[in-house]
file work-v3.cif (mmCIF, C-alpha atoms and all ligand atoms)
data_final
#
loop_
_atom_site.label_atom_id
_atom_site.label_comp_id
_atom_site.auth_asym_id
_atom_site.auth_seq_id
_atom_site.Cartn_x
_atom_site.Cartn_y
_atom_site.Cartn_z
CA MET Q 1 -80.51 -61.79 37.46
CA THR Q 2 -76.84 -61.82 38.37
CA LEU Q 3 -74.61 -63.04 35.60
CA PRO Q 4 -71.76 -65.44 36.45
CA GLN Q 5 -68.76 -63.15 36.83
CA VAL Q 6 -65.07 -63.20 37.63
CA ARG Q 7 -63.58 -60.38 39.65
CA LEU Q 8 -59.91 -59.43 39.45
CA SER Q 9 -58.33 -57.09 41.95
CA LEU Q 10 -55.00 -55.67 43.07
CA PRO Q 11 -54.01 -54.99 46.70
CA ALA Q 12 -53.94 -51.25 45.92
CA GLY Q 13 -57.68 -51.38 45.14
CA ASP Q 14 -57.91 -51.56 41.34
CA GLU Q 15 -60.59 -54.03 40.29
CA VAL Q 16 -62.36 -55.35 37.23
CA SER Q 17 -65.50 -57.48 36.89
CA VAL Q 18 -66.00 -59.70 33.87
CA ALA Q 19 -69.18 -61.56 32.93
CA LEU Q 20 -68.70 -64.94 31.29
CA HIS Q 21 -71.65 -64.00 29.05
CA GLY Q 22 -69.85 -62.40 26.13
CA ALA Q 23 -66.50 -62.26 27.99
CA HIS Q 24 -67.89 -58.87 28.84
CA VAL Q 25 -65.93 -56.49 31.06
CA LEU Q 26 -68.69 -54.86 33.14
CA SER Q 27 -66.71 -52.63 35.46
CA TRP Q 28 -63.20 -51.29 35.91
CA LYS Q 29 -62.37 -49.26 39.00
CA THR Q 30 -59.00 -47.72 39.67
CA ALA Q 31 -57.42 -47.76 43.14
CA GLU Q 32 -59.13 -44.60 44.38
CA GLY Q 33 -62.51 -46.26 43.70
CA ARG Q 34 -63.36 -44.36 40.51
CA GLU Q 35 -65.39 -46.29 37.91
CA ARG Q 36 -63.84 -45.86 34.48
CA LEU Q 37 -66.41 -47.65 32.30
CA TYR Q 38 -70.05 -46.85 31.64
CA LEU Q 39 -72.58 -49.62 32.27
CA SER Q 40 -76.17 -48.68 31.60
CA PRO Q 41 -78.37 -49.01 34.72
CA GLN Q 42 -80.95 -50.51 32.31
CA ALA Q 43 -78.53 -53.00 30.75
CA LEU Q 44 -80.15 -56.40 30.15
CA LEU Q 45 -78.24 -58.87 32.31
CA ASP Q 46 -80.34 -61.89 31.29
CA GLY Q 47 -77.55 -64.05 29.90
CA LYS Q 48 -79.03 -63.82 26.40
CA SER Q 49 -79.06 -60.18 25.32
CA PRO Q 50 -76.14 -57.93 24.41
CA ILE Q 51 -75.09 -55.82 27.40
CA ARG Q 52 -75.28 -52.02 27.04
CA GLY Q 53 -71.99 -50.73 28.40
CA GLY Q 54 -68.70 -52.10 29.61
CA VAL Q 55 -66.67 -53.71 26.83
CA PRO Q 56 -68.71 -55.77 24.34
CA VAL Q 57 -66.62 -58.05 22.12
CA CYS Q 58 -67.97 -57.79 18.57
CA PHE Q 59 -66.91 -60.84 16.53
CA PRO Q 60 -66.94 -62.14 13.81
CA GLN Q 61 -68.67 -59.16 12.24
CA PHE Q 62 -68.99 -55.47 13.02
CA ASN Q 63 -72.50 -53.98 13.16
CA GLN Q 64 -74.48 -55.47 10.26
CA ARG Q 65 -71.72 -55.67 7.69
CA VAL Q 66 -72.47 -59.33 7.11
CA LEU Q 67 -69.50 -61.44 6.11
CA GLY Q 68 -70.26 -63.98 3.41
CA GLY Q 69 -74.01 -63.30 3.49
CA ARG Q 70 -74.61 -65.49 6.54
CA ALA Q 71 -77.22 -65.02 9.27
CA LEU Q 72 -75.01 -63.32 11.83
CA PRO Q 73 -76.60 -61.08 14.49
CA LYS Q 74 -75.60 -57.42 14.70
CA HIS Q 75 -72.03 -57.18 16.03
CA GLY Q 76 -71.66 -60.98 15.76
CA PHE Q 77 -72.32 -63.74 18.26
CA ALA Q 78 -69.31 -63.47 20.61
CA ARG Q 79 -71.04 -60.88 22.83
CA VAL Q 80 -74.10 -63.05 23.46
CA LEU Q 81 -72.52 -66.47 24.10
CA PRO Q 82 -71.05 -67.94 27.28
CA TRP Q 83 -67.25 -68.01 27.34
CA ALA Q 84 -65.24 -70.45 29.47
CA VAL Q 85 -62.54 -69.59 32.02
CA ARG Q 86 -59.18 -70.85 30.80
CA GLY Q 87 -56.99 -69.43 33.53
CA GLN Q 88 -56.58 -66.81 36.19
CA SER Q 89 -53.39 -65.61 37.83
CA GLY Q 90 -52.06 -62.65 39.73
CA THR Q 91 -49.34 -60.88 41.64
CA ALA Q 92 -49.43 -57.65 43.68
CA GLN Q 93 -48.98 -55.66 40.47
CA LEU Q 94 -50.93 -57.66 37.91
CA ALA Q 95 -54.10 -59.76 37.71
CA GLN Q 96 -55.01 -61.74 34.62
CA LEU Q 97 -57.96 -63.69 33.32
CA ARG Q 98 -58.17 -65.76 30.14
CA LEU Q 99 -61.56 -66.63 28.64
CA ALA Q 100 -62.20 -68.83 25.62
CA LEU Q 101 -64.89 -69.36 23.00
CA GLN Q 102 -64.88 -72.12 20.40
CA ASP Q 103 -67.15 -72.94 17.52
CA ASP Q 104 -70.06 -75.25 18.29
CA ALA Q 105 -73.42 -76.11 16.75
CA VAL Q 106 -74.79 -72.66 17.68
CA THR Q 107 -71.96 -70.68 16.06
CA ARG Q 108 -71.73 -72.98 13.01
CA ALA Q 109 -75.45 -72.47 12.32
CA GLN Q 110 -74.69 -68.74 11.93
CA TRP Q 111 -71.14 -68.84 10.58
CA PRO Q 112 -69.78 -72.11 9.18
CA HIS Q 113 -66.20 -71.87 10.42
CA ALA Q 114 -64.07 -73.59 13.08
CA PHE Q 115 -62.23 -71.25 15.44
CA GLU Q 116 -60.92 -70.75 18.92
CA ALA Q 117 -61.04 -67.21 20.35
CA LEU Q 118 -59.29 -66.13 23.55
CA LEU Q 119 -59.77 -62.94 25.53
CA ASP Q 120 -56.96 -62.03 27.92
CA ILE Q 121 -57.88 -59.35 30.43
CA THR Q 122 -54.97 -57.85 32.33
CA LEU Q 123 -55.36 -55.46 35.23
CA THR Q 124 -52.34 -53.45 36.38
CA PRO Q 125 -52.25 -50.29 38.53
CA GLN Q 126 -54.35 -47.66 36.73
CA ALA Q 127 -54.57 -49.71 33.51
CA LEU Q 128 -56.71 -52.31 31.80
CA ARG Q 129 -55.50 -54.27 28.78
CA ILE Q 130 -57.84 -56.43 26.71
CA GLU Q 131 -56.26 -58.73 24.17
CA PHE Q 132 -58.30 -60.72 21.66
CA SER Q 133 -56.78 -63.56 19.72
CA VAL Q 134 -58.38 -66.00 17.34
CA THR Q 135 -57.03 -69.17 15.76
CA ASN Q 136 -58.39 -70.68 12.59
CA THR Q 137 -58.92 -74.35 13.52
CA ASP Q 138 -60.60 -75.00 10.17
CA ALA Q 139 -59.23 -76.48 6.95
CA VAL Q 140 -59.88 -73.35 4.88
CA ALA Q 141 -59.24 -69.61 5.32
CA TRP Q 142 -62.09 -67.41 6.53
CA PRO Q 143 -62.64 -63.65 7.04
CA PHE Q 144 -63.65 -61.86 10.20
CA ALA Q 145 -64.15 -58.36 11.59
CA LEU Q 146 -63.80 -57.36 15.23
CA ALA Q 147 -64.34 -54.54 17.68
CA LEU Q 148 -63.65 -54.08 21.36
CA HIS Q 149 -66.62 -51.74 21.79
CA SER Q 150 -65.43 -50.00 24.99
CA TYR Q 151 -67.88 -47.66 26.74
CA LEU Q 152 -65.77 -45.09 28.62
CA ARG Q 153 -67.40 -43.19 31.46
CA VAL Q 154 -67.48 -39.39 31.33
CA ASP Q 155 -69.19 -36.98 33.71
CA ASP Q 156 -70.83 -34.99 30.90
CA ILE Q 157 -70.27 -35.73 27.20
CA THR Q 158 -70.77 -32.06 26.31
CA GLN Q 159 -67.70 -31.28 28.42
CA ALA Q 160 -65.56 -34.14 27.06
CA SER Q 161 -63.04 -34.14 24.24
CA LEU Q 162 -61.00 -36.77 22.43
CA ASP Q 163 -57.59 -35.87 21.11
CA GLY Q 164 -55.27 -37.74 18.75
CA LEU Q 165 -57.32 -38.39 15.61
CA GLY Q 166 -56.25 -35.19 13.80
CA GLY Q 167 -55.40 -35.89 10.14
CA GLN Q 168 -57.07 -39.32 10.12
CA PRO Q 169 -59.64 -40.16 7.42
CA TYR Q 170 -63.03 -41.32 8.65
CA TRP Q 171 -66.43 -42.54 7.52
CA ASP Q 172 -69.28 -40.68 9.18
CA ALA Q 173 -72.15 -43.13 9.66
CA VAL Q 174 -74.50 -40.33 10.78
CA THR Q 175 -74.14 -38.13 7.69
CA HIS Q 176 -73.15 -40.79 5.09
CA LEU Q 177 -74.79 -44.00 6.28
CA HIS Q 178 -75.53 -45.22 2.77
CA GLU Q 179 -72.16 -44.26 1.34
CA PRO Q 180 -69.71 -46.58 3.14
CA GLY Q 181 -66.91 -45.49 0.81
CA HIS Q 182 -67.26 -41.79 1.72
CA ARG Q 183 -64.29 -40.32 3.63
CA GLN Q 184 -63.60 -37.03 5.38
CA VAL Q 185 -60.41 -36.02 7.15
CA GLN Q 186 -60.41 -35.03 10.81
CA GLY Q 187 -59.07 -31.54 11.46
CA PRO Q 188 -56.33 -30.90 14.03
CA GLN Q 189 -58.75 -29.95 16.79
CA ALA Q 190 -59.87 -32.45 19.44
CA LEU Q 191 -63.31 -33.99 18.86
CA ARG Q 192 -66.19 -32.55 20.85
CA PHE Q 193 -69.60 -34.19 21.17
CA ALA Q 194 -72.65 -31.97 20.77
CA ALA Q 195 -74.85 -34.52 18.94
CA GLU Q 196 -74.98 -38.14 17.77
CA THR Q 197 -71.51 -39.23 16.66
CA ASP Q 198 -70.80 -42.51 14.84
CA ARG Q 199 -67.51 -42.56 12.97
CA VAL Q 200 -65.05 -45.17 11.80
CA TYR Q 201 -61.54 -43.65 11.76
CA ALA Q 202 -58.40 -45.08 10.26
CA ALA Q 203 -56.39 -45.95 13.36
CA SER Q 204 -54.01 -43.29 14.62
CA PRO Q 205 -50.41 -44.43 15.15
CA ALA Q 206 -50.35 -42.64 18.53
CA PRO Q 207 -52.56 -43.10 21.60
CA LEU Q 208 -55.72 -41.02 22.01
CA THR Q 209 -56.45 -38.89 25.06
CA LEU Q 210 -59.89 -38.49 26.55
CA SER Q 211 -60.27 -35.31 28.60
CA GLN Q 212 -63.09 -33.51 30.34
CA GLN Q 213 -63.65 -30.07 31.75
CA ALA Q 214 -62.04 -29.92 35.16
CA LEU Q 215 -64.38 -29.27 38.05
CA PRO Q 216 -65.50 -26.83 39.34
CA ALA Q 217 -67.20 -25.84 36.11
CA ASP Q 218 -65.81 -22.32 36.13
CA ASP Q 219 -62.29 -23.71 35.78
CA ARG Q 220 -61.70 -23.70 32.02
CA ALA Q 221 -58.89 -26.26 32.12
CA LEU Q 222 -59.33 -29.65 30.51
CA GLU Q 223 -58.45 -32.57 32.73
CA PRO Q 224 -56.91 -35.51 30.82
CA MET Q 225 -58.61 -38.63 32.19
CA MET Q 226 -57.65 -41.57 30.00
CA ARG Q 227 -55.07 -42.60 27.44
CA ILE Q 228 -56.40 -45.11 24.92
CA SER Q 229 -54.10 -47.17 22.76
CA GLN Q 230 -54.56 -50.10 20.45
CA SER Q 231 -52.07 -52.50 18.88
CA ARG Q 232 -51.29 -52.41 15.17
CA GLY Q 233 -53.53 -55.35 14.32
CA PHE Q 234 -56.51 -53.03 14.74
CA SER Q 235 -56.83 -50.93 11.59
CA GLU Q 236 -59.69 -48.67 12.74
CA THR Q 237 -61.00 -46.80 15.77
CA VAL Q 238 -64.74 -46.28 16.12
CA VAL Q 239 -66.02 -43.27 18.06
CA TRP Q 240 -69.67 -43.52 19.07
CA ASN Q 241 -72.06 -41.53 21.18
CA PRO Q 242 -75.79 -41.97 20.47
CA GLY Q 243 -76.78 -38.41 21.40
CA ALA Q 244 -80.11 -37.49 23.01
CA VAL Q 245 -82.54 -38.76 20.35
CA LEU Q 246 -81.04 -42.20 19.75
CA SER Q 247 -80.32 -42.64 23.47
CA ALA Q 248 -84.01 -42.07 24.25
CA SER Q 249 -84.96 -44.76 21.72
CA LEU Q 250 -82.68 -47.42 23.25
CA ALA Q 251 -84.74 -49.46 25.70
CA ASP Q 252 -81.66 -50.60 27.62
CA MET Q 253 -80.35 -47.08 28.24
CA PRO Q 254 -81.79 -44.16 30.24
CA ASP Q 255 -82.80 -41.14 28.18
CA ASP Q 256 -79.79 -39.23 29.46
CA GLY Q 257 -77.42 -42.24 29.28
CA PHE Q 258 -75.59 -40.70 26.34
CA ARG Q 259 -74.33 -37.96 28.68
CA HIS Q 260 -72.17 -40.33 30.65
CA MET Q 261 -70.41 -42.40 28.00
CA LEU Q 262 -68.21 -42.32 24.96
CA CYS Q 263 -67.38 -45.47 23.03
CA VAL Q 264 -63.81 -45.53 21.73
CA GLU Q 265 -63.52 -48.88 19.99
CA ALA Q 266 -60.43 -50.70 18.77
CA ALA Q 267 -61.63 -52.32 15.56
CA THR Q 268 -60.86 -54.08 12.31
CA ILE Q 269 -63.75 -53.42 9.96
CA ASP Q 270 -63.06 -52.05 6.50
CA THR Q 271 -60.82 -54.88 5.34
CA PRO Q 272 -61.83 -58.05 7.16
CA VAL Q 273 -58.88 -60.18 8.23
CA GLN Q 274 -58.49 -63.26 6.04
CA LEU Q 275 -57.15 -65.88 8.45
CA PRO Q 276 -55.46 -68.97 6.95
CA PRO Q 277 -55.91 -72.40 8.59
CA GLY Q 278 -53.72 -72.94 11.64
CA GLN Q 279 -52.92 -69.22 11.97
CA THR Q 280 -53.58 -67.01 14.99
CA TRP Q 281 -54.38 -63.28 14.88
CA THR Q 282 -53.96 -61.10 17.97
CA ALA Q 283 -54.67 -57.47 18.84
CA SER Q 284 -55.26 -55.47 22.00
CA GLN Q 285 -56.66 -52.26 23.44
CA THR Q 286 -55.13 -50.65 26.52
CA LEU Q 287 -56.91 -48.11 28.70
CA MET Q 288 -54.66 -46.10 31.02
CA ALA Q 289 -56.30 -43.92 33.64
CA LEU Q 290 -54.60 -40.53 34.03
O1 LIG F 1 -69.93 -48.93 17.14
C1 LIG F 1 -70.95 -48.08 16.80
C2 LIG F 1 -72.18 -48.88 16.49
O2 LIG F 1 -71.96 -49.76 15.43
C3 LIG F 1 -73.33 -47.88 16.24
O3 LIG F 1 -73.68 -47.78 14.89
C4 LIG F 1 -74.43 -48.32 17.18
O4 LIG F 1 -75.39 -49.09 16.60
C5 LIG F 1 -73.63 -49.04 18.24
O5 LIG F 1 -72.57 -49.68 17.62
C6 LIG F 1 -74.35 -49.92 19.24
O6 LIG F 1 -74.83 -51.09 18.71
P1 LIG F 1 -75.74 -52.05 19.60
O7 LIG F 1 -76.07 -53.22 18.74
O8 LIG F 1 -74.91 -52.45 20.79
O9 LIG F 1 -76.94 -51.24 19.99
#
call {"tool": "encode", "arguments": {"input": "work-v3.cif", "output": "structure tokens", "more": "lines below"}}
Ligand code: TA6
result
Amino acid sequence: MTLPQVRLSLPAGDEVSVALHGAHVLSWKTAEGRERLYLSPQALLDGKSPIRGGVPVCFPQFNQRVLGGRALPKHGFARVLPWAVRGQSGTAQLAQLRLALQDDAVTRAQWPHAFEALLDITLTPQALRIEFSVTNTDAVAWPFALALHSYLRVDDITQASLDGLGGQPYWDAVTHLHEPGHRQVQGPQALRFAAETDRVYAASPAPLTLSQQALPADDRALEPMMRISQSRGFSETVVWNPGAVLSASLADMPDDGFRHMLCVEAATIDTPVQLPPGQTWTASQTLMAL
């Protein structure tokens, strides 16, 4: 099944494809034709399921940290509902798409709040910016959590490294799953990925850099490939790679899918935002290809 999609492009060749299902960015290619996101070849594109890869929008909860004890699905409902096109515009240097999701009977059955969420996707040469904003259209304040769960493409995760989180406290969901208050502090060295990694870091004030071993393999130099930044509204950054064992257990991912992706997620998790009526909250993640 082909999902209804919107494609943005620039004359230089940069392009992005966005499914209306979940306001889900499926693909981002820079001008030279290089795909920058990972989309699982086994992703379920049935218009109902979450999509494995691209940029899932997780709202109004993160993972299964249920807000208010309601019956929300894992990572919330925003990634499995159809969003509406609110506008599309472009110049030679910039292409933009705005998608919208509002509360309806389906969302209110899971989460009894009135809202309007917007996702603004902006493509510029070598860069993709995703901005999420949500307005409380209700009469009372409500809490929410959020993640832009970006799957970045790497050639080989064992040769990749992520720099910029040195000194930041984090919760390790692999080693301390049942102790959500546990914190460790990242050392100065860049993160490497030899096994399952699932960590929620306090956001770094500076951008992160994703690098990989330059090819050919006997060249020891690291090639910086992406700069990842997030606006101040996001208080955390999640770093996730399922590793070989979990990857093999995910039906919508090939056994070796973990090799070709690293999720670096702009998120607000630990202290849900309490949004007063009539107020709008906005935050963005920007991916800059190097
Ligand atoms: O962001 C990391 C995480 O919460 C992991 O714990 C892992 O479950 C991942 O998201 C993917 O979740 P999904 O529901 O898309 O399989």
call {"tool": "axis_aligned_box", "arguments": {"input": "work-v3.cif", "around": "range 25-35 of chain Q", "padding_each_side": "4 Å", "output": "JSON"}}
result
{"center_x": -63.1, "center_y": -50.4, "center_z": 37.7, "size_x": 19.3, "size_y": 20.1, "size_z": 21.3}
call {"tool": "residues_near_ligand", "arguments": {"input": "work-v3.cif", "ligand": "ligand LIG 1 (chain F)", "cutoff": "6 Å", "atoms": "only C-alpha atoms and all ligand atoms", "output": "PyMOL selection string"}}
result
chain Q and resi 63+74+198+238+240
call {"tool": "closest_residue", "arguments": {"input": "work-v3.cif", "among": "Q:Leu162, Q:Ile269, Q:Ala283, Q:Cys58", "to": "Pro143 in chain Q", "atoms": "all atoms listed in the file"}}
result
Q:Ile269
call {"tool": "residues_around", "arguments": {"input": "work-v3.cif", "residues": "range 286-290 of chain Q", "least_positions_apart": "5", "cutoff": "9 Å", "atoms": "all atoms listed in the file", "output": "number ranges by chain"}}
result
Q: 30, 36, 125-131, 223-231
call {"tool": "closest_residue", "arguments": {"input": "work-v3.cif", "among": "Q:Pro205, Q:Gly47, Q:Gly167, Q:Gly233", "to": "Trp281 in chain Q", "atoms": "all atoms listed in the file"}}
result
Q:Gly233
call {"tool": "atom_distance", "arguments": {"input": "work-v3.cif", "atom1": "CA of Gly257 in chain Q", "atom2": "CA of Gln42 in chain Q"}}
result
9.5 Å
call {"tool": "atom_distance", "arguments": {"input": "work-v3.cif", "atom1": "CA of Thr124 in chain Q", "atom2": "CA of Pro41 in chain Q"}}
result
26.5 Å
call {"tool": "residues_around", "arguments": {"input": "work-v3.cif", "residues": "Ala84 in chain Q", "least_positions_apart": "4", "cutoff": "10 Å", "atoms": "all atoms listed in the file", "output": "ChimeraX atom specification"}}
result
/Q:20-23,98-102,118
call {"tool": "closest_residue", "arguments": {"input": "work-v3.cif", "among": "Q:Leu26, Q:Leu210, Q:Ala194, Q:Val185", "to": "Phe258 in chain Q", "atoms": "all atoms listed in the file"}}
result
Q:Ala194
call {"tool": "closest_residue", "arguments": {"input": "work-v3.cif", "among": "Q:Ala19, Q:Met253, Q:Val106, Q:Ala145", "to": "Asp46 in chain Q", "atoms": "all atoms listed in the file"}}
result
Q:Ala19
call {"tool": "closest_residue", "arguments": {"input": "work-v3.cif", "among": "Q:Cys263, Q:Pro272, Q:Ala202, Q:Gln285", "to": "Asp120 in chain Q", "atoms": "all atoms listed in the file"}}
result
Q:Gln285
call {"tool": "residues_around", "arguments": {"input": "work-v3.cif", "residues": "Pro277 in chain Q", "least_positions_apart": "5", "cutoff": "7 Å", "atoms": "only C-alpha atoms", "output": "list in words"}}
result
Asn136, Thr137, Asp138, Ala139, Val140 and Ala141 of chain Q
call {"tool": "residues_around", "arguments": {"input": "work-v3.cif", "residues": "Leu8 in chain Q", "least_positions_apart": "5", "cutoff": "10 Å", "atoms": "only C-alpha atoms", "output": "list in words"}}
result
Asp14, Glu15, Val16, Ser17, Val18, Trp28, Gln88, Ser89, Gly90, Leu94, Ala95, Gln96, Leu97, Ile121, Thr122 and Leu123 of chain Q
call {"tool": "decode", "arguments": {"input": "work-v3.cif", "residues": "range 262-277 of chain Q", "atoms": "N, CA, C and O atoms", "output": "PDB file, in the first residue's frame"}}
result
ATOM      1  N   LEU Q 262      20.573   5.082  13.661  1.00  0.00           N
ATOM      2  CA  LEU Q 262      20.734   5.532  15.040  1.00  0.00           C
ATOM      3  C   LEU Q 262      19.640   6.567  15.274  1.00  0.00           C
ATOM      4  O   LEU Q 262      19.534   7.543  14.527  1.00  0.00           O
ATOM      5  N   CYS Q 263      18.805   6.339  16.282  1.00  0.00           N
ATOM      6  CA  CYS Q 263      17.805   7.343  16.618  1.00  0.00           C
ATOM      7  C   CYS Q 263      18.439   8.371  17.543  1.00  0.00           C
ATOM      8  O   CYS Q 263      19.022   8.014  18.579  1.00  0.00           O
ATOM      9  N   VAL Q 264      18.334   9.627  17.146  1.00  0.00           N
ATOM     10  CA  VAL Q 264      18.727  10.755  18.002  1.00  0.00           C
ATOM     11  C   VAL Q 264      17.475  11.631  18.070  1.00  0.00           C
ATOM     12  O   VAL Q 264      17.100  12.263  17.083  1.00  0.00           O
ATOM     13  N   GLU Q 265      16.834  11.596  19.236  1.00  0.00           N
ATOM     14  CA  GLU Q 265      15.469  12.123  19.351  1.00  0.00           C
ATOM     15  C   GLU Q 265      15.435  13.376  20.214  1.00  0.00           C
ATOM     16  O   GLU Q 265      15.916  13.375  21.341  1.00  0.00           O
ATOM     17  N   ALA Q 266      14.842  14.425  19.654  1.00  0.00           N
ATOM     18  CA  ALA Q 266      14.593  15.638  20.444  1.00  0.00           C
ATOM     19  C   ALA Q 266      13.323  15.373  21.249  1.00  0.00           C
ATOM     20  O   ALA Q 266      12.280  15.037  20.673  1.00  0.00           O
ATOM     21  N   ALA Q 267      13.413  15.524  22.581  1.00  0.00           N
ATOM     22  CA  ALA Q 267      12.302  15.051  23.406  1.00  0.00           C
ATOM     23  C   ALA Q 267      12.081  15.906  24.643  1.00  0.00           C
ATOM     24  O   ALA Q 267      12.980  16.617  25.103  1.00  0.00           O
ATOM     25  N   THR Q 268      10.869  15.811  25.145  1.00  0.00           N
ATOM     26  CA  THR Q 268      10.507  16.373  26.450  1.00  0.00           C
ATOM     27  C   THR Q 268       9.764  15.264  27.163  1.00  0.00           C
ATOM     28  O   THR Q 268       8.644  14.911  26.769  1.00  0.00           O
ATOM     29  N   ILE Q 269      10.439  14.675  28.173  1.00  0.00           N
ATOM     30  CA  ILE Q 269       9.924  13.448  28.770  1.00  0.00           C
ATOM     31  C   ILE Q 269       9.817  13.539  30.283  1.00  0.00           C
ATOM     32  O   ILE Q 269       8.754  13.315  30.870  1.00  0.00           O
ATOM     33  N   ASP Q 270      10.934  13.858  30.931  1.00  0.00           N
ATOM     34  CA  ASP Q 270      11.014  13.692  32.386  1.00  0.00           C
ATOM     35  C   ASP Q 270      10.048  14.594  33.142  1.00  0.00           C
ATOM     36  O   ASP Q 270       9.467  14.180  34.143  1.00  0.00           O
ATOM     37  N   THR Q 271       9.898  15.820  32.680  1.00  0.00           N
ATOM     38  CA  THR Q 271       8.926  16.728  33.281  1.00  0.00           C
ATOM     39  C   THR Q 271       7.942  17.118  32.184  1.00  0.00           C
ATOM     40  O   THR Q 271       8.235  17.999  31.378  1.00  0.00           O
ATOM     41  N   PRO Q 272       6.793  16.430  32.129  1.00  0.00           N
ATOM     42  CA  PRO Q 272       5.841  16.773  31.071  1.00  0.00           C
ATOM     43  C   PRO Q 272       5.493  18.260  31.112  1.00  0.00           C
ATOM     44  O   PRO Q 272       5.433  18.864  32.179  1.00  0.00           O
ATOM     45  N   VAL Q 273       5.295  18.821  29.930  1.00  0.00           N
ATOM     46  CA  VAL Q 273       4.911  20.239  29.853  1.00  0.00           C
ATOM     47  C   VAL Q 273       3.478  20.363  30.343  1.00  0.00           C
ATOM     48  O   VAL Q 273       2.607  19.586  29.934  1.00  0.00           O
ATOM     49  N   GLN Q 274       3.232  21.325  31.211  1.00  0.00           N
ATOM     50  CA  GLN Q 274       1.874  21.609  31.679  1.00  0.00           C
ATOM     51  C   GLN Q 274       1.410  22.828  30.885  1.00  0.00           C
ATOM     52  O   GLN Q 274       1.911  23.930  31.087  1.00  0.00           O
ATOM     53  N   LEU Q 275       0.495  22.617  29.938  1.00  0.00           N
ATOM     54  CA  LEU Q 275       0.132  23.702  29.016  1.00  0.00           C
ATOM     55  C   LEU Q 275      -1.200  24.349  29.425  1.00  0.00           C
ATOM     56  O   LEU Q 275      -2.247  23.694  29.396  1.00  0.00           O
ATOM     57  N   PRO Q 276      -1.179  25.631  29.784  1.00  0.00           N
ATOM     58  CA  PRO Q 276      -2.421  26.308  30.197  1.00  0.00           C
ATOM     59  C   PRO Q 276      -3.356  26.536  28.997  1.00  0.00           C
ATOM     60  O   PRO Q 276      -2.899  26.578  27.849  1.00  0.00           O
ATOM     61  N   PRO Q 277      -4.640  26.709  29.240  1.00  0.00           N
ATOM     62  CA  PRO Q 277      -5.593  26.958  28.156  1.00  0.00           C
ATOM     63  C   PRO Q 277      -5.183  28.177  27.334  1.00  0.00           C
ATOM     64  O   PRO Q 277      -4.727  29.175  27.888  1.00  0.00           O
TER      65      PRO Q 277
END
